[in-house]
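Asks: Got a structure for you, query27.cif, holding mmCIF, C-alpha atoms.
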```
data_entry
#
loop_
_atom_site.label_atom_id
_atom_site.label_comp_id
_atom_site.auth_asym_id
_atom_site.auth_seq_id
_atom_site.Cartn_x
_atom_site.Cartn_y
_atom_site.Cartn_z
CA MET A 1 35.26 -12.06 -12.23
CA HIS A 2 32.96 -9.12 -11.50
CA GLY A 3 31.99 -10.35 -8.01
CA GLY A 4 34.68 -8.40 -6.17
CA ARG A 5 34.07 -5.27 -8.19
CA ALA A 6 30.29 -5.46 -7.64
CA ALA A 7 30.76 -6.07 -3.91
CA ALA A 8 33.08 -3.06 -3.69
CA CYS A 9 30.53 -0.97 -5.56
CA LEU A 10 27.77 -2.14 -3.21
CA LEU A 11 29.89 -1.19 -0.19
CA LEU A 12 30.55 2.19 -1.76
CA LEU A 13 26.81 2.70 -2.38
CA LEU A 14 26.01 1.76 1.19
CA ALA A 15 28.74 4.04 2.53
CA VAL A 16 27.59 6.96 0.41
CA GLY A 17 24.00 6.23 1.55
CA ALA A 18 22.02 9.42 1.52
CA ALA A 19 24.57 11.43 -0.44
CA GLY A 20 22.10 11.97 -3.24
CA ASP A 21 21.09 10.54 -6.56
CA GLU A 22 24.15 8.83 -7.99
CA THR A 23 24.14 8.04 -11.67
CA CYS A 24 26.60 6.57 -14.11
CA GLY A 25 27.92 8.87 -16.76
CA ALA A 26 28.69 7.46 -20.18
CA GLY A 27 31.25 4.71 -19.73
CA GLU A 28 31.85 5.39 -16.02
CA CYS A 29 30.09 2.28 -14.66
CA GLY A 30 29.98 -1.31 -15.72
CA ALA A 31 26.78 -3.34 -15.93
CA ASP A 32 27.06 -4.46 -12.29
CA GLU A 33 27.43 -0.93 -10.99
CA ALA A 34 24.60 0.36 -13.18
CA ALA A 35 22.31 -2.44 -11.95
CA LEU A 36 23.13 -1.64 -8.32
CA LEU A 37 22.47 2.05 -8.86
CA ALA A 38 19.17 1.26 -10.58
CA ARG A 39 18.16 -0.97 -7.63
CA LYS A 40 19.11 1.74 -5.16
CA ALA A 41 17.03 4.29 -7.10
CA ASP A 42 14.09 1.86 -7.07
CA VAL A 43 14.37 1.37 -3.31
CA HIS A 44 14.51 5.12 -2.74
CA LYS A 45 11.61 5.72 -5.14
CA HIS A 46 9.36 3.14 -3.50
CA GLY A 47 10.64 3.52 0.04
CA GLN A 48 10.60 0.35 2.03
CA GLY A 49 8.09 -1.24 -0.33
CA ALA A 50 10.72 -2.48 -2.79
CA ASN A 51 11.38 -5.97 -1.54
CA ALA A 52 11.70 -9.19 -3.49
CA THR A 53 9.83 -11.26 -0.91
CA GLY A 54 6.76 -9.07 -0.50
CA THR A 55 5.45 -5.57 -0.11
CA ILE A 56 6.75 -3.98 3.09
CA CYS A 57 5.59 -0.79 4.76
CA GLY A 58 7.68 0.23 7.75
CA ASP A 59 5.06 2.84 8.69
CA ALA A 60 2.14 0.41 8.80
CA THR A 61 -0.27 0.88 11.70
CA ASP A 62 -3.13 -1.23 12.99
CA VAL A 63 -6.69 -0.63 11.82
CA PRO A 64 -8.48 1.12 14.72
CA GLY A 65 -12.11 1.01 15.78
CA PRO A 66 -14.66 -1.71 16.34
CA MET A 67 -13.28 -3.78 13.44
CA ALA A 68 -9.67 -3.37 14.64
CA LYS A 69 -7.08 -5.45 12.81
CA GLY A 70 -3.41 -6.00 13.57
CA CYS A 71 -1.19 -5.00 10.66
CA SER A 72 2.32 -5.46 12.08
CA TRP A 73 2.94 -8.21 9.51
CA MET A 74 3.22 -5.47 6.88
CA LYS A 75 6.28 -3.92 8.59
CA THR A 76 8.89 -6.64 8.38
CA PRO A 77 9.98 -9.29 5.87
CA PRO A 78 8.45 -11.16 4.28
CA GLY A 79 5.75 -8.45 4.41
CA ASP A 80 2.61 -8.70 2.34
CA ASP A 81 2.73 -11.65 -0.04
CA CYS A 82 -0.23 -10.13 -1.92
CA ALA A 83 -2.01 -13.50 -1.87
CA GLN A 84 -4.26 -13.19 1.19
CA ALA A 85 -7.78 -11.90 0.60
CA THR A 86 -9.00 -12.15 4.21
CA LYS A 87 -10.95 -9.27 5.70
CA GLY A 88 -8.00 -8.46 7.97
CA ALA A 89 -5.45 -8.40 5.14
CA CYS A 90 -7.74 -6.29 2.94
CA MET A 91 -8.53 -3.82 5.72
CA CYS A 92 -4.82 -3.50 6.59
CA ARG A 93 -3.87 -2.81 2.96
CA ASP A 94 -6.61 -0.22 2.48
CA TYR A 95 -6.09 1.47 5.85
CA ASN A 96 -2.35 1.79 5.42
CA LEU A 97 -2.72 3.07 1.88
CA TYR A 98 -5.26 5.62 3.17
CA ARG A 99 -3.49 6.67 6.37
CA ASN A 100 0.20 6.13 5.62
CA GLY A 101 0.53 5.99 1.84
CA CYS A 102 1.89 2.44 2.05
CA PRO A 103 2.40 0.63 -1.23
CA ILE A 104 -0.17 -2.05 -1.92
CA CYS A 105 -0.14 -5.09 -4.14
CA GLU A 106 -0.19 -4.40 -7.85
CA ALA A 107 -2.57 -7.32 -8.28
CA ASN A 108 -4.58 -6.78 -5.09
CA PRO A 109 -6.63 -9.93 -4.41
CA CYS A 110 -9.21 -8.00 -2.36
CA THR A 111 -12.61 -7.63 -4.00
CA LYS A 112 -14.04 -5.42 -1.26
CA ARG A 113 -12.82 -1.89 -0.68
CA TYR A 114 -12.68 -0.60 2.88
CA CYS A 115 -13.17 3.04 3.82
CA PHE A 116 -12.27 4.85 7.02
CA ASP A 117 -13.40 7.90 9.01
CA ILE A 118 -16.85 7.36 7.52
CA VAL A 119 -19.25 10.26 7.06
CA ASP A 120 -22.88 9.26 7.58
CA LEU A 121 -25.67 11.05 5.76
CA PRO A 122 -28.99 12.14 7.26
CA GLY A 123 -31.14 9.03 7.38
CA ASN A 124 -28.42 6.98 5.64
CA SER A 125 -25.71 5.18 7.61
CA CYS A 126 -22.61 4.56 5.54
CA GLN A 127 -20.84 2.46 8.18
CA TRP A 128 -21.09 -0.61 5.95
CA MET A 129 -18.19 0.85 3.97
CA TYR A 130 -15.99 0.24 7.01
CA ASN A 131 -17.72 -2.72 8.66
CA SER A 132 -18.33 -4.88 5.59
CA GLY A 133 -16.46 -3.18 2.78
CA ASP A 134 -17.80 -2.09 -0.58
CA ASP A 135 -17.91 -4.62 -3.39
CA CYS A 136 -19.00 -1.82 -5.77
CA GLN A 137 -22.01 -3.87 -6.91
CA GLN A 138 -24.86 -2.02 -5.20
CA GLN A 139 -26.23 0.76 -7.37
CA THR A 140 -28.98 1.95 -5.03
CA GLN A 141 -29.20 5.67 -4.41
CA SER A 142 -28.17 5.08 -0.77
CA ALA A 143 -24.99 3.27 -1.83
CA ILE A 144 -24.14 5.90 -4.46
CA ASP A 145 -24.72 8.72 -1.95
CA CYS A 146 -22.46 7.02 0.61
CA ARG A 147 -19.72 6.53 -1.99
CA ASN A 148 -19.94 10.17 -3.05
CA ALA A 149 -19.89 11.45 0.54
CA ASN A 150 -16.93 9.26 1.50
CA GLN A 151 -14.79 9.36 -1.62
CA ALA A 152 -11.91 11.06 0.22
CA HIS A 153 -12.01 8.34 2.88
CA CYS A 154 -11.78 5.41 0.48
CA PRO A 155 -8.26 4.68 -0.79
CA ARG A 156 -9.61 2.52 -3.62
CA PRO A 157 -12.96 4.06 -4.56
CA CYS A 158 -15.38 2.33 -6.90
CA ARG A 159 -15.09 3.57 -10.45
#
```
Please re-express this file's structure in C-alpha cells.

Replies:
Amino acid sequence: MHGGRAAACLLLLLAVGAAGDETCGAGECGADEAALLARKADVHKHGQGANATGTICGDATDVPGPMAKGCSWMKTPPGDDCAQATKGACMCRDYNLYRNGCPICEANPCTKRYCFDIVDLPGNSCQWMYNSGDDCQQQTQSAIDCRNANQAHCPRPCR
C-alpha cells in the first residue's frame, strides 16, 4: 500500500540530493517519508560511514612507513565488519581515524592502540607506539613520557 508512495519519496529525496536539510512539518509526511528523511540525515551526519553491512570510509588511505598496511577494504562495501582484531585491521582503523577522521567501530575489538608520526624523546624511543601498539598496561616512566609526548598522534590515547 505504501510501497509506491515510499519509492516516489525516495526518488524525490535522491533527486533533491544536496538541496539541504529537508524535514517534515507537522502532518506533512507519513511514517515512510519521515523514516527516509531520518535515514538521509543519518547518512549525511556520518558521511559514508552509515552502512548496514559495515563501517565504510571512502577517504581511507593505507598506513605508510615500515609497518605499511593496505586499507582499501575500508573504502567499499562491505567495509569494516568490526570483528577483525588483526594488527593490520587495528592499524588501519587507528590511522584512518587519525589522518582522515574515518568512523571506527563502536565496539572496536582492538586492544592495542596505534600512534603515528611518533615523537621520540631524548634517550627514549617511542617507536613501539607505532611498531607494536600500546596496550596501555605499562606504567613505567618511559611509557608514560612517550604517551604524554605523543598524545596528539594517538587517535585512541590511553586514559

Asks: Which of these residues is nearest to Met67 in chain A, using all atoms listed in the file: A:Cys110, A:Cys82, A:Cys105, A:Met129?

Replies: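 The answer is A:Met129, which sits nearest to Met67 in chain A.
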
Asks: Tell me which residues the PyMOL selection byres ((chain A and resi 71) around 6) grabs here, as an MDAnalysis selection string.

Replies: chainID A and resid 62 70 72:74 92

Asks: When you draw a straight line from CA of Arg147 in chain A to CA of Met91 in chain A, how long is it in Å?

Replies: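 Separation of CA of Arg147 in chain A and CA of Met91 in chain A: 17.1 Å.
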
Asks: Can you list what the PyMOL selection byres ((chain A and resi 159) around 12) grabs from this structure, as a VMD selection string?

Replies: chain A and resid 113 134 to 137 139 144 147 to 148 151 154 to 158

Asks: Can you work out the spacing between CA of Asp81 in chain A and CA of Arg99 in chain A in Å, to one decimal?

Replies: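 CA of Arg99 in chain A lies 20.4 Å from CA of Asp81 in chain A.
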
Asks: Between CA of Ala60 in chain A and CA of Cys115 in chain A, what is the spacing in Å?

Replies: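 Result for CA of Cys115 in chain A versus CA of Ala60 in chain A: 16.3 Å, one decimal.
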
Asks: Would you write out, as a list of chain:residue names, every residue that the PyMOL selection byres ((chain A and resi 102) around 9) captures in this file?

Replies: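 This file, filtered by the PyMOL selection byres ((chain A and resi 102) around 9), leaves A:Gln48, A:Gly49, A:Ile56, A:Cys57, A:Gly58, A:Asp59, A:Ala60, A:Arg93, A:Asp94, A:Tyr95, A:Asn96, A:Leu97, A:Tyr98, A:Arg99, A:Asn100, A:Gly101, A:Pro103, A:Ile104.
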
Asks: Please define a box with edges along x, y and z of the file around all atoms of range 132-140 of chain A given in the file, extend it by 3 Å on each side, and return its centre and edge lengths in Å to one decimal, as JSON.

Replies:
```
{"center_x": -22.7, "center_y": -1.5, "center_z": -0.9, "size_x": 18.5, "size_y": 12.8, "size_z": 19.0}
```
